[in-house]
Amino acid sequence: MQVYLNDRVVPSAEAKISVFDHGFLYGDGIYETMRAYDGVVFMIDEHMRRLRRSAALIGLDIGKSTEELKLAIYETMQSNNLRAAYIRMTISRGVGAIGLDPALCKSPTFIVMAHEFKDYPKASYEEGLSLIISSVRRNLKEALNPQIKSLNFLNNILAKIEAIKADVDEALMLNAVGFLAEGTISNVFFMKDGILCTPSVECGILDGITRTIVLELASRNGITAEEGEFMPEDLYAASEVFITNSTMEVMPVRRVDDKHFEAGEVSKLLLSKYREEVSAYLREKQGESPSLWE
Ligand code: PLP
């Protein structure tokens, strides 16, 4: 496997960072996760925009143009011979003496990793995933804003540990006042009284790129959607539930705690519309991919 480290692609065995890297010492850094289909990174501009927003929110100068960021992604894919890929771009504050002051780090550490994308089992899309509502609350947005896609991931990891102990696929977190927020790596949607409900950004969530597309697809397909404050009881009373992120797209949920759900019509419709959206994007972008691919 080849990894992009700082300014070039190197074999993974050589892709090493310092013990003084503030990403390692303090979780001081940001990242993005993307999915490439047939050689094209879906919604790459939106991911780059969100990366820059995360950087701005922590006062980090990435030190690369958006074009350079995109080229680094495509170069990493190409050097690993990948067309269907899971991609992670990580940027830490960089190497510096011990201490919290970001000025101790002279330049950020930049990493792109990519590996072959393995499809989720078909059965997951047919039967749905199992979830719990975790006892771990989502970080208060006034404390560590979930809109910063940060390397500081222990909030999510603590909820994930609970999911693993409960032998389920994903954990949903409530916000500090008890409203539904989001999963450890996903946004949540549910159908209640014919309305597609999802926690609003004000609840303290990451505004997922997939979430935004799903809301747009709902509106285009005559499905009324409401972004708001919802209680676990609203979710338990839903007729169907699904979660979203860039890698799993629209994934039905079969169980939340001891409530069971079918993979319903709305989940199926939005998954198929999402995949149409991906295909349309590929048709539009395939001609535009960097010349590296030709
Ligand atoms: N919420 C959290 C906490 C996440 O980590 C992710 C994805 O990694 C999402 C939501 C979904 O975001 P996206 O649809 O942009 O992949």
# chains A, B, ... in the order shown; residues from 1 in each chain; ligands from 1
$ closest_atom_pairs --of "chain A" --to "ligand 1" --cutoff "9 Å" --atoms "only C-alpha atoms and all ligand atoms" --output "JSON lines"
{"residue": "A:Glu32", "atom": "CA", "partner": "ligand 1", "partner_atom_place_in_ligand_line": "8 (O)", "distance": 7.4}
{"residue": "A:Thr33", "atom": "CA", "partner": "ligand 1", "partner_atom_place_in_ligand_line": "8 (O)", "distance": 6.1}
{"residue": "A:Met34", "atom": "CA", "partner": "ligand 1", "partner_atom_place_in_ligand_line": "16 (O)", "distance": 7.0}
{"residue": "A:Arg35", "atom": "CA", "partner": "ligand 1", "partner_atom_place_in_ligand_line": "16 (O)", "distance": 8.8}
{"residue": "A:Glu46", "atom": "CA", "partner": "ligand 1", "partner_atom_place_in_ligand_line": "15 (O)", "distance": 8.8}
{"residue": "A:His47", "atom": "CA", "partner": "ligand 1", "partner_atom_place_in_ligand_line": "15 (O)", "distance": 7.4}
{"residue": "A:Arg50", "atom": "CA", "partner": "ligand 1", "partner_atom_place_in_ligand_line": "15 (O)", "distance": 8.7}
{"residue": "A:Pro146", "atom": "CA", "partner": "ligand 1", "partner_atom_place_in_ligand_line": "3 (C)", "distance": 7.1}
{"residue": "A:Gln147", "atom": "CA", "partner": "ligand 1", "partner_atom_place_in_ligand_line": "3 (C)", "distance": 8.7}
{"residue": "A:Lys149", "atom": "CA", "partner": "ligand 1", "partner_atom_place_in_ligand_line": "5 (O)", "distance": 7.3}
{"residue": "A:Phe153", "atom": "CA", "partner": "ligand 1", "partner_atom_place_in_ligand_line": "3 (C)", "distance": 8.8}
{"residue": "A:Asn156", "atom": "CA", "partner": "ligand 1", "partner_atom_place_in_ligand_line": "3 (C)", "distance": 7.0}
{"residue": "A:Ala181", "atom": "CA", "partner": "ligand 1", "partner_atom_place_in_ligand_line": "1 (N)", "distance": 8.9}
{"residue": "A:Glu182", "atom": "CA", "partner": "ligand 1", "partner_atom_place_in_ligand_line": "1 (N)", "distance": 5.9}
{"residue": "A:Gly183", "atom": "CA", "partner": "ligand 1", "partner_atom_place_in_ligand_line": "3 (C)", "distance": 5.9}
{"residue": "A:Thr184", "atom": "CA", "partner": "ligand 1", "partner_atom_place_in_ligand_line": "3 (C)", "distance": 4.8}
{"residue": "A:Ile185", "atom": "CA", "partner": "ligand 1", "partner_atom_place_in_ligand_line": "5 (O)", "distance": 3.5}
{"residue": "A:Ser186", "atom": "CA", "partner": "ligand 1", "partner_atom_place_in_ligand_line": "10 (C)", "distance": 3.8}
{"residue": "A:Asn187", "atom": "CA", "partner": "ligand 1", "partner_atom_place_in_ligand_line": "10 (C)", "distance": 4.6}
{"residue": "A:Val188", "atom": "CA", "partner": "ligand 1", "partner_atom_place_in_ligand_line": "10 (C)", "distance": 8.3}
{"residue": "A:Ile205", "atom": "CA", "partner": "ligand 1", "partner_atom_place_in_ligand_line": "1 (N)", "distance": 6.4}
{"residue": "A:Leu206", "atom": "CA", "partner": "ligand 1", "partner_atom_place_in_ligand_line": "1 (N)", "distance": 4.9}
{"residue": "A:Asp207", "atom": "CA", "partner": "ligand 1", "partner_atom_place_in_ligand_line": "10 (C)", "distance": 6.7}
{"residue": "A:Gly208", "atom": "CA", "partner": "ligand 1", "partner_atom_place_in_ligand_line": "12 (O)", "distance": 3.5}
{"residue": "A:Ile209", "atom": "CA", "partner": "ligand 1", "partner_atom_place_in_ligand_line": "15 (O)", "distance": 3.7}
{"residue": "A:Thr210", "atom": "CA", "partner": "ligand 1", "partner_atom_place_in_ligand_line": "14 (O)", "distance": 3.7}
{"residue": "A:Arg211", "atom": "CA", "partner": "ligand 1", "partner_atom_place_in_ligand_line": "14 (O)", "distance": 5.6}
{"residue": "A:Thr212", "atom": "CA", "partner": "ligand 1", "partner_atom_place_in_ligand_line": "14 (O)", "distance": 7.8}
{"residue": "A:Ile213", "atom": "CA", "partner": "ligand 1", "partner_atom_place_in_ligand_line": "14 (O)", "distance": 8.6}
{"residue": "A:Ile243", "atom": "CA", "partner": "ligand 1", "partner_atom_place_in_ligand_line": "11 (C)", "distance": 8.7}
{"residue": "A:Thr244", "atom": "CA", "partner": "ligand 1", "partner_atom_place_in_ligand_line": "14 (O)", "distance": 5.9}
{"residue": "A:Asn245", "atom": "CA", "partner": "ligand 1", "partner_atom_place_in_ligand_line": "14 (O)", "distance": 3.5}
{"residue": "A:Ser246", "atom": "CA", "partner": "ligand 1", "partner_atom_place_in_ligand_line": "16 (O)", "distance": 3.7}
{"residue": "A:Thr247", "atom": "CA", "partner": "ligand 1", "partner_atom_place_in_ligand_line": "16 (O)", "distance": 6.6}
{"residue": "A:Met248", "atom": "CA", "partner": "ligand 1", "partner_atom_place_in_ligand_line": "16 (O)", "distance": 8.4}
{"residue": "A:Glu249", "atom": "CA", "partner": "ligand 1", "partner_atom_place_in_ligand_line": "14 (O)", "distance": 7.6}
$ write_last_selection --atoms "C-alpha atoms" --output "short mmCIF file (atom, residue, chain, number, x, y, z; two decimals), in the first residue's frame"
data_model
loop_
_atom_site.label_atom_id
_atom_site.label_comp_id
_atom_site.auth_asym_id
_atom_site.auth_seq_id
_atom_site.Cartn_x
_atom_site.Cartn_y
_atom_site.Cartn_z
CA GLU A 32 -12.30 13.84 5.79
CA THR A 33 -13.54 10.43 4.66
CA MET A 34 -14.52 10.04 1.00
CA ARG A 35 -15.64 7.34 -1.38
CA GLU A 46 -17.96 19.46 -0.91
CA HIS A 47 -15.44 17.38 1.08
CA ARG A 50 -15.80 21.01 4.67
CA PRO A 146 -19.18 18.41 15.97
CA GLN A 147 -19.00 20.49 12.77
CA LYS A 149 -14.37 16.97 11.74
CA PHE A 153 -12.70 11.25 18.30
CA ASN A 156 -17.55 8.77 19.26
CA ALA A 181 -28.04 13.93 17.65
CA GLU A 182 -26.20 11.44 15.43
CA GLY A 183 -24.36 8.15 15.18
CA THR A 184 -20.64 7.65 15.79
CA ILE A 185 -20.00 7.83 12.03
CA SER A 186 -23.44 8.59 10.60
CA ASN A 187 -26.50 10.83 10.53
CA VAL A 188 -29.91 9.43 11.37
CA ILE A 205 -24.20 17.24 14.70
CA LEU A 206 -21.90 17.05 11.73
CA ASP A 207 -23.84 18.28 8.70
CA GLY A 208 -23.12 15.16 6.68
CA ILE A 209 -22.67 15.55 2.94
CA THR A 210 -24.87 12.47 2.43
CA ARG A 211 -27.47 13.99 4.79
CA THR A 212 -27.64 17.12 2.63
CA ILE A 213 -28.07 15.07 -0.55
CA ILE A 243 -28.59 6.14 8.68
CA THR A 244 -26.33 7.86 6.15
CA ASN A 245 -22.69 8.54 5.47
CA SER A 246 -20.38 8.80 2.47
CA THR A 247 -19.40 5.15 2.49
CA MET A 248 -22.66 3.37 3.36
CA GLU A 249 -24.89 5.82 1.47
#
$ select_by_dssp --residues "stretch 1-110 of chain A" --states "helix (DSSP H, G or I)" --output "ChimeraX atom specification"
/A:12-14,22-26,44-57,66-79,102-104
$ select_by_dssp --residues "stretch 115-205 of chain A" --states "strand (DSSP E or B)" --output "compact mmCIF listing (two decimals) with C-alpha atoms, in the first residue's frame"
# COMPACT_ATOMS: atom_id res chain seq x y z
CA HIS A 115 -7.73 1.30 0.10
CA GLU A 116 -10.04 -0.76 -2.03
CA LEU A 129 -28.39 -2.60 10.73
CA SER A 130 -28.91 -2.84 14.48
CA LEU A 131 -28.41 0.23 16.69
CA ILE A 132 -28.51 1.30 20.30
CA ILE A 133 -29.02 4.70 21.80
CA SER A 150 -11.58 16.59 14.24
CA GLU A 170 -23.84 1.58 15.40
CA ALA A 171 -24.63 3.76 18.42
CA LEU A 172 -26.76 6.89 18.29
CA MET A 173 -25.89 9.68 20.67
CA LEU A 174 -28.25 12.19 22.26
CA LEU A 180 -31.33 12.83 19.22
CA ALA A 181 -28.04 13.93 17.65
CA GLU A 182 -26.20 11.44 15.43
CA GLY A 183 -24.36 8.15 15.18
CA ASN A 187 -26.50 10.83 10.53
CA VAL A 188 -29.91 9.43 11.37
CA PHE A 189 -33.31 9.77 9.65
CA PHE A 190 -36.72 8.27 10.44
CA MET A 191 -40.26 8.36 9.06
CA LYS A 192 -42.94 9.42 11.50
CA ILE A 195 -42.72 12.98 7.56
CA LEU A 196 -39.01 12.33 7.11
CA CYS A 197 -37.42 13.52 10.36
CA THR A 198 -33.75 14.20 11.07
CA PRO A 199 -32.00 16.10 13.88
$ closest_atom_pairs --of "stretch 75-166 of chain A" --to "stretch 27-31 of chain A" --cutoff "10 Å" --atoms "only C-alpha atoms" --output "tab-separated table"
residue	atom	partner	partner_atom	distance
A:Arg88	CA	A:Tyr31	CA	7.0
A:Met89	CA	A:Tyr31	CA	5.4
A:Thr90	CA	A:Tyr31	CA	4.3
A:Ile91	CA	A:Ile30	CA	5.4
A:Ser92	CA	A:Gly29	CA	3.9
A:Arg93	CA	A:Gly29	CA	5.5
A:Gly94	CA	A:Gly29	CA	8.4
A:Leu100	CA	A:Asp28	CA	9.0
A:Pro102	CA	A:Asp28	CA	8.6
A:Pro108	CA	A:Gly29	CA	8.6
A:Thr109	CA	A:Gly29	CA	9.0
A:Phe110	CA	A:Tyr31	CA	9.8
A:Ile111	CA	A:Tyr31	CA	9.3
A:Val112	CA	A:Tyr31	CA	9.5
A:Ile148	CA	A:Ile30	CA	7.4
A:Lys149	CA	A:Ile30	CA	5.6
A:Ser150	CA	A:Ile30	CA	4.2
A:Leu151	CA	A:Gly27	CA	4.9
A:Asn152	CA	A:Gly27	CA	4.6
A:Phe153	CA	A:Gly27	CA	7.8
A:Leu154	CA	A:Gly27	CA	9.3
$ write_last_selection --atoms "N, CA and C atoms" --output "PDB file, in the first residue's frame"
ATOM      1  N   ARG A  88      -9.140   8.440   3.072  1.00  0.00           N
ATOM      2  CA  ARG A  88      -9.118   9.290   4.263  1.00  0.00           C
ATOM      3  C   ARG A  88      -7.986  10.298   4.133  1.00  0.00           C
ATOM      4  N   MET A  89      -8.340  11.567   4.231  1.00  0.00           N
ATOM      5  CA  MET A  89      -7.343  12.644   4.264  1.00  0.00           C
ATOM      6  C   MET A  89      -7.258  13.135   5.706  1.00  0.00           C
ATOM      7  N   THR A  90      -6.046  13.145   6.250  1.00  0.00           N
ATOM      8  CA  THR A  90      -5.830  13.567   7.634  1.00  0.00           C
ATOM      9  C   THR A  90      -4.814  14.705   7.654  1.00  0.00           C
ATOM     10  N   ILE A  91      -5.117  15.753   8.375  1.00  0.00           N
ATOM     11  CA  ILE A  91      -4.149  16.853   8.495  1.00  0.00           C
ATOM     12  C   ILE A  91      -4.023  17.205   9.973  1.00  0.00           C
ATOM     13  N   SER A  92      -2.818  17.017  10.492  1.00  0.00           N
ATOM     14  CA  SER A  92      -2.622  17.366  11.904  1.00  0.00           C
ATOM     15  C   SER A  92      -1.900  18.705  12.005  1.00  0.00           C
ATOM     16  N   ARG A  93      -1.863  19.238  13.220  1.00  0.00           N
ATOM     17  CA  ARG A  93      -1.186  20.527  13.448  1.00  0.00           C
ATOM     18  C   ARG A  93       0.289  20.417  13.073  1.00  0.00           C
ATOM     19  N   GLY A  94       0.842  19.206  13.184  1.00  0.00           N
ATOM     20  CA  GLY A  94       2.242  19.005  12.810  1.00  0.00           C
ATOM     21  C   GLY A  94       3.121  18.707  14.009  1.00  0.00           C
ATOM     22  N   LEU A 100       0.439  22.994  24.386  1.00  0.00           N
ATOM     23  CA  LEU A 100      -0.795  23.093  23.591  1.00  0.00           C
ATOM     24  C   LEU A 100      -0.755  24.172  22.516  1.00  0.00           C
ATOM     25  N   PRO A 102      -0.570  25.983  19.371  1.00  0.00           N
ATOM     26  CA  PRO A 102      -0.405  25.551  17.975  1.00  0.00           C
ATOM     27  C   PRO A 102       0.836  26.149  17.316  1.00  0.00           C
ATOM     28  N   PRO A 108       1.853  21.739   9.056  1.00  0.00           N
ATOM     29  CA  PRO A 108       0.967  20.600   9.317  1.00  0.00           C
ATOM     30  C   PRO A 108       1.514  19.301   8.737  1.00  0.00           C
ATOM     31  N   THR A 109       1.088  18.198   9.318  1.00  0.00           N
ATOM     32  CA  THR A 109       1.377  16.882   8.734  1.00  0.00           C
ATOM     33  C   THR A 109       0.187  16.507   7.871  1.00  0.00           C
ATOM     34  N   PHE A 110       0.457  16.088   6.645  1.00  0.00           N
ATOM     35  CA  PHE A 110      -0.600  15.844   5.658  1.00  0.00           C
ATOM     36  C   PHE A 110      -0.535  14.389   5.202  1.00  0.00           C
ATOM     37  N   ILE A 111      -1.662  13.699   5.309  1.00  0.00           N
ATOM     38  CA  ILE A 111      -1.682  12.264   4.967  1.00  0.00           C
ATOM     39  C   ILE A 111      -2.922  11.939   4.138  1.00  0.00           C
ATOM     40  N   VAL A 112      -2.745  11.162   3.073  1.00  0.00           N
ATOM     41  CA  VAL A 112      -3.895  10.577   2.374  1.00  0.00           C
ATOM     42  C   VAL A 112      -3.694   9.066   2.328  1.00  0.00           C
ATOM     43  N   ILE A 148     -16.672  20.530  13.458  1.00  0.00           N
ATOM     44  CA  ILE A 148     -15.235  20.368  13.195  1.00  0.00           C
ATOM     45  C   ILE A 148     -15.012  18.865  13.071  1.00  0.00           C
ATOM     46  N   LYS A 149     -14.606  18.405  11.903  1.00  0.00           N
ATOM     47  CA  LYS A 149     -14.365  16.966  11.738  1.00  0.00           C
ATOM     48  C   LYS A 149     -12.957  16.723  12.270  1.00  0.00           C
ATOM     49  N   SER A 150     -12.879  16.536  13.583  1.00  0.00           N
ATOM     50  CA  SER A 150     -11.575  16.595  14.244  1.00  0.00           C
ATOM     51  C   SER A 150     -11.022  15.211  14.570  1.00  0.00           C
ATOM     52  N   LEU A 151      -9.699  15.176  14.765  1.00  0.00           N
ATOM     53  CA  LEU A 151      -9.032  13.919  15.126  1.00  0.00           C
ATOM     54  C   LEU A 151      -9.366  13.517  16.556  1.00  0.00           C
ATOM     55  N   ASN A 152      -9.968  14.444  17.290  1.00  0.00           N
ATOM     56  CA  ASN A 152     -10.331  14.209  18.676  1.00  0.00           C
ATOM     57  C   ASN A 152     -11.629  13.407  18.698  1.00  0.00           C
ATOM     58  N   PHE A 153     -11.522  12.082  18.617  1.00  0.00           N
ATOM     59  CA  PHE A 153     -12.698  11.252  18.300  1.00  0.00           C
ATOM     60  C   PHE A 153     -13.167  10.410  19.479  1.00  0.00           C
ATOM     61  N   LEU A 154     -12.645  10.694  20.685  1.00  0.00           N
ATOM     62  CA  LEU A 154     -12.970   9.809  21.815  1.00  0.00           C
ATOM     63  C   LEU A 154     -14.449   9.815  22.165  1.00  0.00           C
TER      64      LEU A 154
END
$ residues_around --residues "A:Ala36" --least-positions-apart "2" --cutoff "6 Å" --atoms "only C-alpha atoms" --output "PyMOL selection string"
chain A and resi 39-42+84-85
$ write_last_selection --atoms "C-alpha atoms" --output "CSV table (one decimal), in the first residue's frame"
chain,number,residue,atom,x,y,z
A,39,GLY,CA,-12.1,6.3,-10.4
A,40,VAL,CA,-14.1,9.4,-9.4
A,41,VAL,CA,-14.2,10.8,-5.8
A,42,PHE,CA,-17.9,11.5,-5.1
A,84,ALA,CA,-13.4,1.9,-6.1
A,85,ALA,CA,-11.8,3.4,-3.0
$ residues_around --residues "A:Glu75" --least-positions-apart "4" --cutoff "10 Å" --atoms "only C-alpha atoms" --output "PyMOL selection string"
chain A and resi 2-4+8-9+69-71+79-81+112+290+292-293
$ write_last_selection --atoms "C-alpha atoms" --output "PDB file, in the first residue's frame"
ATOM      1  CA  GLN A   2       1.196   3.509  -0.854  1.00  0.00           C
ATOM      2  CA  VAL A   3       0.428   6.457   1.410  1.00  0.00           C
ATOM      3  CA  TYR A   4       0.650  10.152   0.603  1.00  0.00           C
ATOM      4  CA  ARG A   8       4.715  12.627  -1.931  1.00  0.00           C
ATOM      5  CA  VAL A   9       3.519   9.057  -2.098  1.00  0.00           C
ATOM      6  CA  LEU A  69      -5.375  18.459  -2.197  1.00  0.00           C
ATOM      7  CA  LYS A  70      -7.396  16.851  -4.978  1.00  0.00           C
ATOM      8  CA  LEU A  71      -4.272  15.855  -6.906  1.00  0.00           C
ATOM      9  CA  SER A  79      -0.383   4.606  -6.999  1.00  0.00           C
ATOM     10  CA  ASN A  80      -2.548   1.959  -5.297  1.00  0.00           C
ATOM     11  CA  ASN A  81      -4.277   1.111  -8.560  1.00  0.00           C
ATOM     12  CA  VAL A 112      -3.895  10.577   2.374  1.00  0.00           C
ATOM     13  CA  PRO A 290      -7.134  14.720 -13.579  1.00  0.00           C
ATOM     14  CA  LEU A 292      -3.209  11.383 -14.190  1.00  0.00           C
ATOM     15  CA  TRP A 293      -5.956   8.931 -14.989  1.00  0.00           C
TER      16      TRP A 293
END
$ closest_residue --among "A:Arg49, A:Asn221, A:Leu82, A:Glu284" --to "A:Thr66" --atoms "only C-alpha atoms"
A:Arg49
$ decode --residues "stretch 115-148 of chain A" --atoms "N, CA and C atoms" --output "PDB file, in the first residue's frame"
ATOM      1  N   HIS A 115      -7.753   2.738   0.348  1.00  0.00           N
ATOM      2  CA  HIS A 115      -7.735   1.298   0.097  1.00  0.00           C
ATOM      3  C   HIS A 115      -8.968   0.904  -0.696  1.00  0.00           C
ATOM      4  N   GLU A 116      -8.938  -0.317  -1.184  1.00  0.00           N
ATOM      5  CA  GLU A 116     -10.037  -0.764  -2.030  1.00  0.00           C
ATOM      6  C   GLU A 116     -11.351  -0.692  -1.259  1.00  0.00           C
ATOM      7  N   PHE A 117     -12.387  -0.199  -1.927  1.00  0.00           N
ATOM      8  CA  PHE A 117     -13.676  -0.129  -1.247  1.00  0.00           C
ATOM      9  C   PHE A 117     -14.369  -1.479  -1.323  1.00  0.00           C
ATOM     10  N   LYS A 118     -14.664  -2.026  -0.154  1.00  0.00           N
ATOM     11  CA  LYS A 118     -15.410  -3.296  -0.107  1.00  0.00           C
ATOM     12  C   LYS A 118     -16.861  -2.950   0.172  1.00  0.00           C
ATOM     13  N   ASP A 119     -17.746  -3.344  -0.738  1.00  0.00           N
ATOM     14  CA  ASP A 119     -19.163  -3.038  -0.565  1.00  0.00           C
ATOM     15  C   ASP A 119     -19.684  -3.616   0.751  1.00  0.00           C
ATOM     16  N   TYR A 120     -20.610  -2.910   1.385  1.00  0.00           N
ATOM     17  CA  TYR A 120     -21.309  -3.475   2.541  1.00  0.00           C
ATOM     18  C   TYR A 120     -22.106  -4.676   2.044  1.00  0.00           C
ATOM     19  N   PRO A 121     -22.288  -5.703   2.872  1.00  0.00           N
ATOM     20  CA  PRO A 121     -23.053  -6.871   2.427  1.00  0.00           C
ATOM     21  C   PRO A 121     -24.449  -6.460   1.945  1.00  0.00           C
ATOM     22  N   LYS A 122     -24.882  -7.125   0.868  1.00  0.00           N
ATOM     23  CA  LYS A 122     -26.215  -6.827   0.318  1.00  0.00           C
ATOM     24  C   LYS A 122     -27.293  -7.012   1.384  1.00  0.00           C
ATOM     25  N   ALA A 123     -27.064  -8.020   2.241  1.00  0.00           N
ATOM     26  CA  ALA A 123     -28.045  -8.321   3.296  1.00  0.00           C
ATOM     27  C   ALA A 123     -28.241  -7.125   4.219  1.00  0.00           C
ATOM     28  N   SER A 124     -27.181  -6.330   4.418  1.00  0.00           N
ATOM     29  CA  SER A 124     -27.317  -5.153   5.293  1.00  0.00           C
ATOM     30  C   SER A 124     -28.331  -4.184   4.699  1.00  0.00           C
ATOM     31  N   TYR A 125     -28.270  -3.987   3.366  1.00  0.00           N
ATOM     32  CA  TYR A 125     -29.216  -3.063   2.721  1.00  0.00           C
ATOM     33  C   TYR A 125     -30.629  -3.642   2.694  1.00  0.00           C
ATOM     34  N   GLU A 126     -30.726  -4.985   2.670  1.00  0.00           N
ATOM     35  CA  GLU A 126     -32.059  -5.604   2.629  1.00  0.00           C
ATOM     36  C   GLU A 126     -32.680  -5.684   4.019  1.00  0.00           C
ATOM     37  N   GLU A 127     -31.850  -6.058   5.005  1.00  0.00           N
ATOM     38  CA  GLU A 127     -32.412  -6.297   6.350  1.00  0.00           C
ATOM     39  C   GLU A 127     -32.198  -5.125   7.300  1.00  0.00           C
ATOM     40  N   GLY A 128     -31.154  -4.354   7.062  1.00  0.00           N
ATOM     41  CA  GLY A 128     -30.885  -3.197   7.922  1.00  0.00           C
ATOM     42  C   GLY A 128     -29.903  -3.515   9.039  1.00  0.00           C
ATOM     43  N   LEU A 129     -29.368  -2.467   9.641  1.00  0.00           N
ATOM     44  CA  LEU A 129     -28.392  -2.596  10.729  1.00  0.00           C
ATOM     45  C   LEU A 129     -29.094  -2.504  12.089  1.00  0.00           C
ATOM     46  N   SER A 130     -28.374  -2.953  13.114  1.00  0.00           N
ATOM     47  CA  SER A 130     -28.907  -2.842  14.478  1.00  0.00           C
ATOM     48  C   SER A 130     -28.182  -1.703  15.209  1.00  0.00           C
ATOM     49  N   LEU A 131     -28.942  -0.959  16.009  1.00  0.00           N
ATOM     50  CA  LEU A 131     -28.408   0.235  16.690  1.00  0.00           C
ATOM     51  C   LEU A 131     -28.802   0.223  18.163  1.00  0.00           C
ATOM     52  N   ILE A 132     -28.047   0.967  18.952  1.00  0.00           N
ATOM     53  CA  ILE A 132     -28.513   1.303  20.302  1.00  0.00           C
ATOM     54  C   ILE A 132     -28.511   2.821  20.425  1.00  0.00           C
ATOM     55  N   ILE A 133     -29.234   3.308  21.407  1.00  0.00           N
ATOM     56  CA  ILE A 133     -29.019   4.700  21.804  1.00  0.00           C
ATOM     57  C   ILE A 133     -28.031   4.635  22.965  1.00  0.00           C
ATOM     58  N   SER A 134     -26.889   5.268  22.760  1.00  0.00           N
ATOM     59  CA  SER A 134     -25.784   5.168  23.712  1.00  0.00           C
ATOM     60  C   SER A 134     -26.045   6.022  24.955  1.00  0.00           C
ATOM     61  N   SER A 135     -25.418   5.631  26.052  1.00  0.00           N
ATOM     62  CA  SER A 135     -25.478   6.487  27.247  1.00  0.00           C
ATOM     63  C   SER A 135     -24.476   7.645  27.126  1.00  0.00           C
ATOM     64  N   VAL A 136     -23.594   7.547  26.127  1.00  0.00           N
ATOM     65  CA  VAL A 136     -22.602   8.616  25.901  1.00  0.00           C
ATOM     66  C   VAL A 136     -23.272   9.753  25.144  1.00  0.00           C
ATOM     67  N   ARG A 137     -23.247  10.947  25.696  1.00  0.00           N
ATOM     68  CA  ARG A 137     -23.861  12.109  25.026  1.00  0.00           C
ATOM     69  C   ARG A 137     -22.900  12.705  24.010  1.00  0.00           C
ATOM     70  N   ARG A 138     -23.463  13.273  22.938  1.00  0.00           N
ATOM     71  CA  ARG A 138     -22.630  13.941  21.931  1.00  0.00           C
ATOM     72  C   ARG A 138     -22.000  15.174  22.557  1.00  0.00           C
ATOM     73  N   ASN A 139     -20.753  15.443  22.151  1.00  0.00           N
ATOM     74  CA  ASN A 139     -20.081  16.662  22.619  1.00  0.00           C
ATOM     75  C   ASN A 139     -20.990  17.865  22.462  1.00  0.00           C
ATOM     76  N   LEU A 140     -21.029  18.670  23.495  1.00  0.00           N
ATOM     77  CA  LEU A 140     -21.779  19.930  23.436  1.00  0.00           C
ATOM     78  C   LEU A 140     -21.157  20.798  22.331  1.00  0.00           C
ATOM     79  N   LYS A 141     -22.013  21.368  21.465  1.00  0.00           N
ATOM     80  CA  LYS A 141     -21.410  22.108  20.339  1.00  0.00           C
ATOM     81  C   LYS A 141     -20.650  23.344  20.801  1.00  0.00           C
ATOM     82  N   GLU A 142     -21.022  23.852  21.994  1.00  0.00           N
ATOM     83  CA  GLU A 142     -20.292  25.009  22.524  1.00  0.00           C
ATOM     84  C   GLU A 142     -18.958  24.576  23.154  1.00  0.00           C
ATOM     85  N   ALA A 143     -18.761  23.244  23.326  1.00  0.00           N
ATOM     86  CA  ALA A 143     -17.496  22.760  23.901  1.00  0.00           C
ATOM     87  C   ALA A 143     -16.563  22.284  22.794  1.00  0.00           C
ATOM     88  N   LEU A 144     -17.004  21.307  22.016  1.00  0.00           N
ATOM     89  CA  LEU A 144     -16.212  20.853  20.861  1.00  0.00           C
ATOM     90  C   LEU A 144     -17.204  20.647  19.728  1.00  0.00           C
ATOM     91  N   ASN A 145     -17.316  21.642  18.893  1.00  0.00           N
ATOM     92  CA  ASN A 145     -18.332  21.661  17.832  1.00  0.00           C
ATOM     93  C   ASN A 145     -18.214  20.432  16.915  1.00  0.00           C
ATOM     94  N   PRO A 146     -19.250  19.568  16.860  1.00  0.00           N
ATOM     95  CA  PRO A 146     -19.182  18.408  15.965  1.00  0.00           C
ATOM     96  C   PRO A 146     -19.045  18.794  14.482  1.00  0.00           C
ATOM     97  N   GLN A 147     -19.220  20.066  14.161  1.00  0.00           N
ATOM     98  CA  GLN A 147     -19.001  20.488  12.770  1.00  0.00           C
ATOM     99  C   GLN A 147     -17.509  20.563  12.439  1.00  0.00           C
ATOM    100  N   ILE A 148     -16.672  20.530  13.458  1.00  0.00           N
ATOM    101  CA  ILE A 148     -15.235  20.368  13.195  1.00  0.00           C
ATOM    102  C   ILE A 148     -15.012  18.865  13.071  1.00  0.00           C
TER     103      ILE A 148
END
